[in-house]
Amino acid sequence: MGAVIFGVLGILCILYCIAIGLNGFGTKFFLIWGVMGALFLLLGFLLTRRRFVKALPGWLKVTATVAFCVGLIVFVVVEGLILSRFHGNARPGADYLLVLGAQWKASGPSNVLRKRLDRALEYLGENPDTIVIVSGGQGPDEIISEAEGMRQYLIDAGVGEERILMEDRSTSTRENLAFSAELFDSKNGRTVIVTNNFHVFRALGIAEKQGYRAERLCGMDGAE
C-alpha cells in the first residue's frame with residue numbers, strides 16, 4: 001500500500017511539474033515538484049523490495065513514518081494558508097498599485113508577469129487617479145530590468161508615463177516591497193499589490209510586516 005501511495009504521489013508531482021514548465025511561468029521554483037516526484041517514486045520503488053524493508057531497523061521505520069506524517073500535515077497547513085488568500089479583487093480608488101516583478105524574457109514578459117500586468121491594466125483603466133509602481137531588477141538572464149520592461153508594456157497599452165513609478169533594484173519579493181516603499185507613502189496611502197494567486201499569501205505577509213496598508217489583486221487568469 002505504501003509503495004502504491006508513493007508511486008501515485010510521485011507521478012502526480014512530476015505531471016504537475018511538467019504542466020507548470022510547459023506554461024512558461026518564468027520561475028524555476030516549480031522544479032521542486034519534480035524533485036519531490038522523483039523522491040516519492042524512489043521511495044515507492046524501495047518499498048516494493050521486501051528484503052530491503054525487512055532489513056530496516058524498527059526505529060527507522062517508525063521515524064520515517066512520523067516524519068512523513070508531520071511533513072504531510074505541514075504541507076496541508078501551508079497549502080491551506082495559500083488557498084485562503086488565493087483570490088483577490090481590490091476595492092476601487094487605491095492611491096497606488098504595486099506590480100511585483102517576475103522574469104522578463106527576450107520576447108517579452110513571462111506568462112506569470114503578463115497576467116500581473118494585464119490585471120493591473122484593468123484596474124488602472126477603471127481607476128484613472130491611481131499611480132502604478134513597477135518593481136523588479138535585472139537578472140543575469142534578462143536583457144533589461146523587469147521594471148523597465150513592465151513600464152514599457154504599460155505605456156504601450158496606453159498608460160501615461162506620468163502615472164508610472166519605477167523601482168529597478170530588487171531581486172526578491174521582500175526587496176520589491178522594501179525598495180518600492182521608498183518611492184511612495186506605503187504606510188498611509190492605500191496600496192493594491194498585484195501578483196499571482198499562488199503568491200498572494202507570501203507577498204501580503206511580507207507587505208504587512210513592512211507596514212503596508214495593502215490589499216491584493218490577483219493576476220492568475222481572466223476570471224479573477
# chains A, B, ... in the order shown; residues from 1 in each chain; ligands from 1
$ select_by_dssp --residues "region 5-223 of chain A" --states "alpha helix (DSSP H)" --output "VMD selection string"
chain A and resid 5 to 22 31 to 47 50 to 55 58 to 84 111 to 126 146 to 156 173 to 180 200 to 209
$ closest_residue --among "A:Leu81, A:Lys209, A:Glu142, A:Glu126" --to "Gly108 (chain A)" --atoms "only C-alpha atoms"
A:Glu142
$ closest_atom_pairs --of "region 90-164 of chain A" --to "region 171-183 of chain A" --cutoff "8 Å" --atoms "only C-alpha atoms" --output "tab-separated table"
residue	atom	partner	partner_atom	distance
A:Leu100	CA	A:Asn176	CA	6.5
A:Gly101	CA	A:Asn176	CA	7.4
A:Ile133	CA	A:Ser180	CA	7.3
A:Ser135	CA	A:Asn176	CA	5.6
A:Gly136	CA	A:Asn176	CA	6.3
A:Gly137	CA	A:Thr171	CA	5.7
A:Gln138	CA	A:Thr171	CA	7.6
A:Gly139	CA	A:Thr171	CA	7.5
$ residues_around --residues "Val192 (chain A)" --least-positions-apart "3" --cutoff "12 Å" --atoms "only C-alpha atoms" --output "PyMOL selection string"
chain A and resi 88-100+119-120+123-124+127+130-133+177+186+189+195+200+203-204+207+212-218
$ write_last_selection --atoms "N, CA, C and O atoms" --output "compact mmCIF listing (two decimals), in the first residue's frame"
# COMPACT_ATOMS: atom_id res chain seq x y z
N GLY A 88 -8.47 37.53 -5.13
CA GLY A 88 -8.47 38.89 -4.64
C GLY A 88 -8.95 39.88 -5.67
O GLY A 88 -8.44 39.93 -6.79
N ASN A 89 -9.95 40.65 -5.31
CA ASN A 89 -10.43 41.74 -6.15
C ASN A 89 -10.46 42.99 -5.28
O ASN A 89 -11.33 43.15 -4.43
N ALA A 90 -9.49 43.85 -5.49
CA ALA A 90 -9.33 45.02 -4.65
C ALA A 90 -10.44 46.04 -4.88
O ALA A 90 -11.01 46.13 -5.97
N ARG A 91 -10.74 46.80 -3.83
CA ARG A 91 -11.71 47.88 -3.95
C ARG A 91 -11.17 48.97 -4.86
O ARG A 91 -9.97 49.17 -4.96
N PRO A 92 -12.03 49.69 -5.52
CA PRO A 92 -11.57 50.78 -6.39
C PRO A 92 -11.03 51.95 -5.59
O PRO A 92 -11.24 52.05 -4.38
N GLY A 93 -10.33 52.84 -6.27
CA GLY A 93 -9.89 54.08 -5.66
C GLY A 93 -8.60 54.01 -4.86
O GLY A 93 -8.35 54.89 -4.04
N ALA A 94 -7.76 53.01 -5.09
CA ALA A 94 -6.50 52.92 -4.35
C ALA A 94 -5.57 54.06 -4.76
O ALA A 94 -5.63 54.57 -5.89
N ASP A 95 -4.72 54.48 -3.84
CA ASP A 95 -3.74 55.53 -4.15
C ASP A 95 -2.65 54.99 -5.06
O ASP A 95 -2.18 55.68 -5.97
N TYR A 96 -2.23 53.74 -4.77
CA TYR A 96 -1.11 53.16 -5.51
C TYR A 96 -1.41 51.72 -5.89
O TYR A 96 -2.10 51.00 -5.17
N LEU A 97 -0.84 51.33 -7.01
CA LEU A 97 -0.94 49.95 -7.48
C LEU A 97 0.49 49.45 -7.68
O LEU A 97 1.23 49.98 -8.51
N LEU A 98 0.89 48.47 -6.90
CA LEU A 98 2.25 47.95 -6.95
C LEU A 98 2.27 46.60 -7.67
O LEU A 98 1.69 45.62 -7.19
N VAL A 99 2.94 46.55 -8.81
CA VAL A 99 3.05 45.31 -9.58
C VAL A 99 4.39 44.66 -9.27
O VAL A 99 5.45 45.22 -9.56
N LEU A 100 4.36 43.49 -8.66
CA LEU A 100 5.58 42.78 -8.30
C LEU A 100 6.19 42.13 -9.54
O LEU A 100 5.49 41.58 -10.38
N ARG A 119 -3.76 42.33 -15.47
CA ARG A 119 -4.68 42.60 -14.35
C ARG A 119 -4.51 44.03 -13.88
O ARG A 119 -5.48 44.71 -13.54
N ALA A 120 -3.28 44.50 -13.85
CA ALA A 120 -3.01 45.88 -13.45
C ALA A 120 -3.65 46.86 -14.43
O ALA A 120 -4.21 47.88 -14.03
N TYR A 123 -7.29 47.41 -13.72
CA TYR A 123 -7.53 48.27 -12.56
C TYR A 123 -7.21 49.73 -12.89
O TYR A 123 -7.96 50.64 -12.53
N LEU A 124 -6.11 49.95 -13.58
CA LEU A 124 -5.71 51.32 -13.92
C LEU A 124 -6.73 51.96 -14.85
O LEU A 124 -7.00 53.17 -14.76
N ASN A 127 -9.56 53.04 -12.68
CA ASN A 127 -9.19 53.99 -11.63
C ASN A 127 -8.12 54.94 -12.15
O ASN A 127 -6.92 54.76 -11.88
N THR A 130 -5.16 56.42 -9.90
CA THR A 130 -4.23 55.53 -9.22
C THR A 130 -2.86 55.57 -9.88
O THR A 130 -2.75 55.49 -11.10
N ILE A 131 -1.83 55.71 -9.05
CA ILE A 131 -0.43 55.68 -9.52
C ILE A 131 0.06 54.23 -9.48
O ILE A 131 -0.19 53.50 -8.53
N VAL A 132 0.80 53.81 -10.51
CA VAL A 132 1.31 52.43 -10.55
C VAL A 132 2.81 52.42 -10.32
O VAL A 132 3.54 53.27 -10.84
N ILE A 133 3.27 51.48 -9.51
CA ILE A 133 4.70 51.26 -9.29
C ILE A 133 5.05 49.91 -9.88
O ILE A 133 4.42 48.89 -9.54
N LEU A 177 9.13 45.03 -2.27
CA LEU A 177 8.30 45.82 -1.37
C LEU A 177 9.11 46.88 -0.63
O LEU A 177 8.67 48.03 -0.50
N SER A 186 3.83 54.21 1.63
CA SER A 186 3.21 52.89 1.71
C SER A 186 2.45 52.66 3.01
O SER A 186 1.60 51.77 3.08
N GLY A 189 -0.84 55.75 2.42
CA GLY A 189 -1.63 55.59 1.20
C GLY A 189 -2.14 54.17 1.06
O GLY A 189 -1.50 53.22 1.48
N THR A 195 -0.17 40.51 -7.88
CA THR A 195 0.68 39.33 -8.06
C THR A 195 -0.21 38.18 -8.49
O THR A 195 -1.40 38.37 -8.73
N VAL A 200 0.08 35.29 -3.44
CA VAL A 200 -0.57 36.32 -2.64
C VAL A 200 -0.25 36.18 -1.15
O VAL A 200 0.07 37.16 -0.48
N ALA A 203 3.32 37.34 -0.41
CA ALA A 203 3.52 38.76 -0.70
C ALA A 203 2.82 39.65 0.32
O ALA A 203 3.41 40.62 0.82
N LEU A 204 1.57 39.34 0.65
CA LEU A 204 0.84 40.15 1.61
C LEU A 204 1.43 40.03 3.01
O LEU A 204 1.46 40.99 3.77
N ALA A 207 4.38 42.28 3.04
CA ALA A 207 3.93 43.67 2.98
C ALA A 207 3.40 44.14 4.32
O ALA A 207 3.71 45.27 4.77
N TYR A 212 2.81 48.09 5.20
CA TYR A 212 1.93 48.48 4.10
C TYR A 212 0.46 48.45 4.53
O TYR A 212 0.06 47.58 5.31
N ARG A 213 -0.32 49.38 3.99
CA ARG A 213 -1.78 49.27 4.04
C ARG A 213 -2.18 48.60 2.73
O ARG A 213 -2.51 49.26 1.76
N ALA A 214 -2.10 47.29 2.72
CA ALA A 214 -2.16 46.59 1.43
C ALA A 214 -3.44 45.79 1.23
O ALA A 214 -4.02 45.24 2.16
N GLU A 215 -3.87 45.75 -0.03
CA GLU A 215 -4.92 44.86 -0.49
C GLU A 215 -4.32 44.03 -1.62
O GLU A 215 -3.24 44.34 -2.12
N ARG A 216 -5.04 43.01 -2.04
CA ARG A 216 -4.49 42.13 -3.07
C ARG A 216 -5.33 42.18 -4.34
O ARG A 216 -6.54 42.38 -4.30
N LEU A 217 -4.66 41.99 -5.43
CA LEU A 217 -5.32 41.88 -6.73
C LEU A 217 -4.60 40.79 -7.49
O LEU A 217 -3.43 40.91 -7.81
N CYS A 218 -5.29 39.69 -7.75
CA CYS A 218 -4.65 38.52 -8.38
C CYS A 218 -4.64 38.65 -9.89
O CYS A 218 -5.59 39.14 -10.49
$ atom_distance --atom1 "CA of Phe40 (chain A)" --atom2 "CA of Cys17 (chain A)"
13.7 Å
$ residues_around --residues "Val53 (chain A)" --least-positions-apart "6" --cutoff "12 Å" --atoms "only C-alpha atoms" --output "list in words"
Gly2, Ala3, Leu43, Gly44, Phe45, Leu46, Leu47, Leu60, Lys61 and Ala64 of chain A
$ atom_distance --atom1 "CA of Met36 (chain A)" --atom2 "CA of Cys69 (chain A)"
15.3 Å
$ atom_distance --atom1 "CA of Leu22 (chain A)" --atom2 "CA of Leu154 (chain A)"
25.8 Å
$ select_by_dssp --residues "chain A" --states "strand (DSSP E or B)" --output "list in words"
Tyr96, Leu97, Leu98, Val99, Leu100, Trp104, Lys105, Gly108, Pro109, Ile131, Val132, Ile133, Val134, Ser135, Ile164, Leu165, Met166, Glu167, Thr191, Val192, Ile193, Val194, Thr195, Ala214, Glu215, Arg216, Leu217 and Cys218 of chain A
$ residues_around --residues "region 155-159 of chain A" --least-positions-apart "2" --cutoff "12 Å" --atoms "only C-alpha atoms" --output "VMD selection string"
chain A and resid 117 to 118 120 to 132 134 148 to 153 161 to 165
$ closest_residue --among "A:Ile143, A:Met1, A:Gly160, A:Ala102" --to "Phe29 (chain A)" --atoms "only C-alpha atoms"
A:Ala102
